[in-house]
Structures are given as structure tokens and as C-alpha cells.
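Chemist: Sharing a structure, written as C-alpha cells. Questions coming.
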Amino acid sequence: MAPRAPHLSFEEFQAHWSSEHGALAGGLAGLTSYIQNHAILRAGRPLLPYPGFDACSELCFESLESMDAAFASEHYTKAVQTDEKNLIDKTRFGMMLTSRRVLDDGDPGENAVKLLTFFAIDRNSSLDELSEALAGPYRDAVATANPLRHEQLIQIPGAHDSRRAPMADAADLLWFRSADEALAFVSSDANFAASYALTGRAFGAQRHLAHTITVV
């Protein structure tokens, strides 16, 4: 995750990210999946308050070692990084190293939107407690809104020890039929119940409402 370069509008950033940069980053060795989450725009701006980033990618590798090799490669350090300088502000870059769990394996279809919510662990809690709450009472509350699909990304314990600190500790991914349906969920009883379930486990939440582009 990273903010766009200051000289780019939202539209200019998304156009370059999905074309030239997507093709370059999609060529990383060992990459098994690459999904771009583009903010849904109206009147040139995201529908939700700005979360602190414009680029929001899901890059999947078989292992942490495979990921490290890809980002140490000549292709990344020369071609991809050169393009990044014109696309994002890398000084404010963030990352999460996570494993994925699928809670509802529905097929959202091509026109669905994805609501990503990022959580940080409450200082008086733990990753295990947050993960348990997300898979239990939080999941049960969210299910009453009937999302098309439900996934979660949970920080891999120890993965950040010799790397950059995680931007967040967990992410919740919900698919809805439309942007309006996703926005309705944000102010719904289901979301309030879900938020209550995380009391004392997570503090704060950043949201990103997106349509996805599958590069790899």
C-alpha cells in the first residue's frame, strides 16, 4: 500500500497503475497471483474517507523466501522500482505479510465491489485474540449482511521481524453487489455489531472500497 505520487490525480494514477506498472510488476518471478484494488471514484474522488494510500495490491508468493528473491531481483530493482518513482510516494509505503483464510467461498462475479477493512491490534490484546474474534463473533455479525464472499488476511507471526513493520495486523475483505450496497453495510446494524465484537481486540479501522483488477 502506498499513496500516489503528488503530481498525479486519482484517475491518472489508476490508469498508469493498471497498465504499464501492472505489466511490469506482474513479471516478478515466483508471483502466483497479483490483484490490484482500485478505489471506486465519484466526481474524481474515493467514496470513503481517504485511508492513507492509493495503491493497494495483493501479491501472492509460495513462501516468504520466494517473495524476498523476487524483490531482490534485477527486474524489480531496475524496471519496477524505476516505474514506482513516477507512480507512488515510496517514502510512505506500507505492507502486511499475511496468510489468507476464506470464510465464505461465494463467487462474487465480475461486477462486484470489494470492501477492505484494515485493523490494528489493541495494545492490550494479541494477534491470536484478534484473529479469534474476527473468525468468530465478527464473522457471525457480518454474515447477517449477506456478503457475496468473505475473506480475511491475518499477519503471519514473526514474518515482519527482520522486515518493515506491518501497516496493519489484519484485513477483512467483503464483496457486495454494488458500491451503494457496500456503503449501506458501513452504516448498518450488522457493521455496528461486528465492530462491537472487536472491542478490546482491535483499535481503529481504515476502509477502502474498490473494484479489482486481476493482473496475474
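By convention in this document, the chains of the C-alpha cells carry letters A, B, ... by their order, each chain's residues are numbered from 1, and ligands are numbered from 1 in the order they are shown.
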Determine, for each residue of stretch 55-100 of chain A having at least one atom at most 12 Å from an atom of stretch 111-124 of chain A, the closest pair of atoms and their separation in Å to one decimal, counting only C-alpha atoms; order by chain and ascending number, as JSON lines.
Modeler:
```
{"residue": "A:Cys56", "atom": "CA", "partner": "A:Leu116", "partner_atom": "CA", "distance": 9.8}
{"residue": "A:Ser57", "atom": "CA", "partner": "A:Leu116", "partner_atom": "CA", "distance": 11.4}
{"residue": "A:Glu58", "atom": "CA", "partner": "A:Leu116", "partner_atom": "CA", "distance": 11.5}
{"residue": "A:Met95", "atom": "CA", "partner": "A:Phe118", "partner_atom": "CA", "distance": 11.5}
{"residue": "A:Met96", "atom": "CA", "partner": "A:Phe118", "partner_atom": "CA", "distance": 10.2}
```
Chemist: Save out the residues we just selected, N, CA, C and O atoms, as a tab-separated table (two decimals), in the first residue's frame.
Modeler:
```tsv
chain	number	residue	atom	x	y	z
A	56	CYS	N	-3.12	-0.37	-3.61
A	56	CYS	CA	-3.49	-1.40	-2.64
A	56	CYS	C	-3.49	-2.73	-3.39
A	56	CYS	O	-4.46	-3.08	-4.05
A	57	SER	N	-2.38	-3.43	-3.29
A	57	SER	CA	-2.18	-4.65	-4.07
A	57	SER	C	-2.12	-5.87	-3.19
A	57	SER	O	-1.65	-5.80	-2.05
A	58	GLU	N	-2.58	-6.99	-3.74
A	58	GLU	CA	-2.41	-8.30	-3.10
A	58	GLU	C	-1.47	-9.10	-3.98
A	58	GLU	O	-1.83	-9.50	-5.08
A	95	MET	N	3.14	-2.17	4.22
A	95	MET	CA	2.95	-3.55	3.79
A	95	MET	C	2.41	-4.39	4.94
A	95	MET	O	2.53	-4.03	6.12
A	96	MET	N	1.83	-5.53	4.58
A	96	MET	CA	1.41	-6.55	5.52
A	96	MET	C	1.80	-7.89	4.93
A	96	MET	O	1.57	-8.14	3.75
```
Chemist: Using only C-alpha atoms, determine which residues lie at most 10 Å from stretch 194-200 of chain A, disregarding the query and same-chain residues fewer than 2 positions distant; provide the list as a ChimeraX atom specification.
Modeler: /A:119,121-126,129-134,136-144,188-192,202-205
Chemist: Using only C-alpha atoms, pick whichever of A:Leu97, A:Ala145, A:Leu47, A:Ile88 has the shortest atom-to-atom distance to A:Ala179.
Modeler: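 Using only C-alpha atoms, the shortest distance to A:Ala179 belongs to A:Leu47.
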Chemist: Restricting the calculation to only C-alpha atoms: of A:Lys85, A:His16, A:Arg149, A:Arg4, which residue gets closest to A:Phe53?
Modeler: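 Once distances to A:Phe53 are computed over only C-alpha atoms, the minimum belongs to A:Arg4.
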Chemist: DSSP says strand (DSSP E) for which residues of stretch 40-138 of chain A? Put them as number ranges by chain?
Modeler: A: 41-42, 45-46, 57-61, 98-104, 113-121
Chemist: For the residues in that selection, give me N, CA, C and O atoms as a compact mmCIF listing (two decimals), in the first residue's frame.
Modeler:
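What ended up in result-v3.txt:
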```txt
# COMPACT_ATOMS: atom_id res chain seq x y z
N LEU A 41 -14.33 5.65 -7.62
CA LEU A 41 -14.36 7.11 -7.63
C LEU A 41 -15.72 7.63 -8.07
O LEU A 41 -16.36 7.06 -8.95
N ARG A 42 -16.12 8.73 -7.47
CA ARG A 42 -17.25 9.53 -7.93
C ARG A 42 -16.84 10.98 -7.87
O ARG A 42 -16.30 11.43 -6.86
N ARG A 45 -13.18 11.46 -6.85
CA ARG A 45 -12.65 11.19 -5.51
C ARG A 45 -13.20 9.86 -5.00
O ARG A 45 -14.29 9.43 -5.38
N PRO A 46 -12.46 9.18 -4.07
CA PRO A 46 -12.97 7.94 -3.48
C PRO A 46 -14.26 8.18 -2.71
O PRO A 46 -14.50 9.27 -2.17
N SER A 57 -2.38 -3.43 -3.29
CA SER A 57 -2.18 -4.65 -4.07
C SER A 57 -2.12 -5.87 -3.19
O SER A 57 -1.65 -5.80 -2.05
N GLU A 58 -2.58 -6.99 -3.74
CA GLU A 58 -2.41 -8.30 -3.10
C GLU A 58 -1.47 -9.10 -3.98
O GLU A 58 -1.83 -9.50 -5.08
N LEU A 59 -0.25 -9.31 -3.49
CA LEU A 59 0.78 -10.06 -4.20
C LEU A 59 0.99 -11.38 -3.47
O LEU A 59 1.33 -11.39 -2.28
N CYS A 60 0.80 -12.48 -4.17
CA CYS A 60 0.90 -13.79 -3.54
C CYS A 60 2.12 -14.55 -4.04
O CYS A 60 2.39 -14.60 -5.25
N PHE A 61 2.85 -15.15 -3.09
CA PHE A 61 4.01 -15.99 -3.37
C PHE A 61 3.87 -17.30 -2.62
O PHE A 61 3.14 -17.39 -1.64
N THR A 98 0.84 -11.62 5.20
CA THR A 98 -0.32 -12.30 5.77
C THR A 98 -0.56 -13.66 5.12
O THR A 98 -0.05 -13.96 4.05
N SER A 99 -1.37 -14.45 5.81
CA SER A 99 -1.96 -15.64 5.22
C SER A 99 -3.45 -15.36 5.03
O SER A 99 -4.04 -14.58 5.76
N ARG A 100 -4.03 -16.02 4.04
CA ARG A 100 -5.42 -15.77 3.67
C ARG A 100 -6.32 -16.90 4.18
O ARG A 100 -5.97 -18.08 4.06
N ARG A 101 -7.45 -16.53 4.73
CA ARG A 101 -8.45 -17.54 5.06
C ARG A 101 -9.78 -17.12 4.44
O ARG A 101 -10.16 -15.94 4.47
N VAL A 102 -10.45 -18.08 3.87
CA VAL A 102 -11.73 -17.85 3.20
C VAL A 102 -12.84 -18.32 4.13
O VAL A 102 -12.92 -19.49 4.49
N LEU A 103 -13.72 -17.39 4.50
CA LEU A 103 -14.82 -17.69 5.42
C LEU A 103 -16.11 -18.00 4.68
O LEU A 103 -16.95 -18.76 5.17
N ASP A 104 -16.30 -17.38 3.53
CA ASP A 104 -17.46 -17.64 2.68
C ASP A 104 -16.97 -17.69 1.24
O ASP A 104 -16.58 -16.67 0.68
N VAL A 113 -18.10 -5.36 -5.99
CA VAL A 113 -17.11 -4.45 -5.39
C VAL A 113 -16.59 -5.10 -4.12
O VAL A 113 -17.23 -5.97 -3.53
N LYS A 114 -15.39 -4.69 -3.72
CA LYS A 114 -14.74 -5.26 -2.55
C LYS A 114 -14.54 -4.17 -1.49
O LYS A 114 -13.98 -3.10 -1.79
N LEU A 115 -14.99 -4.45 -0.29
CA LEU A 115 -14.78 -3.55 0.84
C LEU A 115 -13.66 -4.13 1.71
O LEU A 115 -13.82 -5.20 2.30
N LEU A 116 -12.53 -3.43 1.75
CA LEU A 116 -11.40 -3.87 2.56
C LEU A 116 -11.35 -3.04 3.83
O LEU A 116 -11.39 -1.79 3.77
N THR A 117 -11.26 -3.70 4.97
CA THR A 117 -11.16 -3.02 6.26
C THR A 117 -9.90 -3.50 6.95
O THR A 117 -9.70 -4.70 7.12
N PHE A 118 -9.04 -2.56 7.35
CA PHE A 118 -7.75 -2.88 7.96
C PHE A 118 -7.79 -2.59 9.45
O PHE A 118 -8.21 -1.50 9.88
N PHE A 119 -7.33 -3.55 10.25
CA PHE A 119 -7.39 -3.44 11.70
C PHE A 119 -5.99 -3.50 12.31
O PHE A 119 -5.14 -4.27 11.86
N ALA A 120 -5.78 -2.72 13.36
CA ALA A 120 -4.57 -2.81 14.17
C ALA A 120 -4.94 -3.41 15.52
O ALA A 120 -6.02 -3.15 16.06
N ILE A 121 -4.05 -4.22 16.07
CA ILE A 121 -4.32 -4.85 17.36
C ILE A 121 -4.41 -3.80 18.45
O ILE A 121 -3.58 -2.89 18.53
```
Chemist: Tell me which protein, DNA and RNA residues are within 9 Å of A:His38, counting only C-alpha atoms, leaving out same-chain ones fewer than 5 positions away, and put them as a PyMOL selection string.
Modeler: chain A and resi 14+18+54-57+208-213
Chemist: Which residue gives the smallest distance to A:Ser178 among A:Glu20, A:Asp128, A:Asp161, A:Glu110, with only C-alpha atoms counted?
Modeler: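 The shortest atom-to-atom distance to A:Ser178 comes from A:Glu110.
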Chemist: Using only C-alpha atoms, pick whichever of A:Tyr50, A:Tyr34, A:Trp17, A:Phe185 has the shortest atom-to-atom distance to A:Asp83.
Modeler: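 Selected residue with least distance to A:Asp83: A:Trp17.
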Chemist: From the set A:Pro3, A:Ala25, A:Val186, A:Thr214, which residue has the shortest atom-to-atom contact distance to A:Phe71, counting only C-alpha atoms?
Modeler: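 The answer is A:Ala25, which sits nearest to A:Phe71.
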Chemist: Restricting the calculation to only C-alpha atoms, which member of A:Ser9, A:Ala39, A:Leu64, A:Gly26 is positioned closest to A:Ser162?
Modeler: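 Residue with the minimum atom-to-atom distance to A:Ser162: A:Leu64.
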Chemist: Which of stretch 43-216 of chain A end up as alpha helix (DSSP H) when DSSP is run on this backbone - answer as a count of residues only?
Modeler: 47
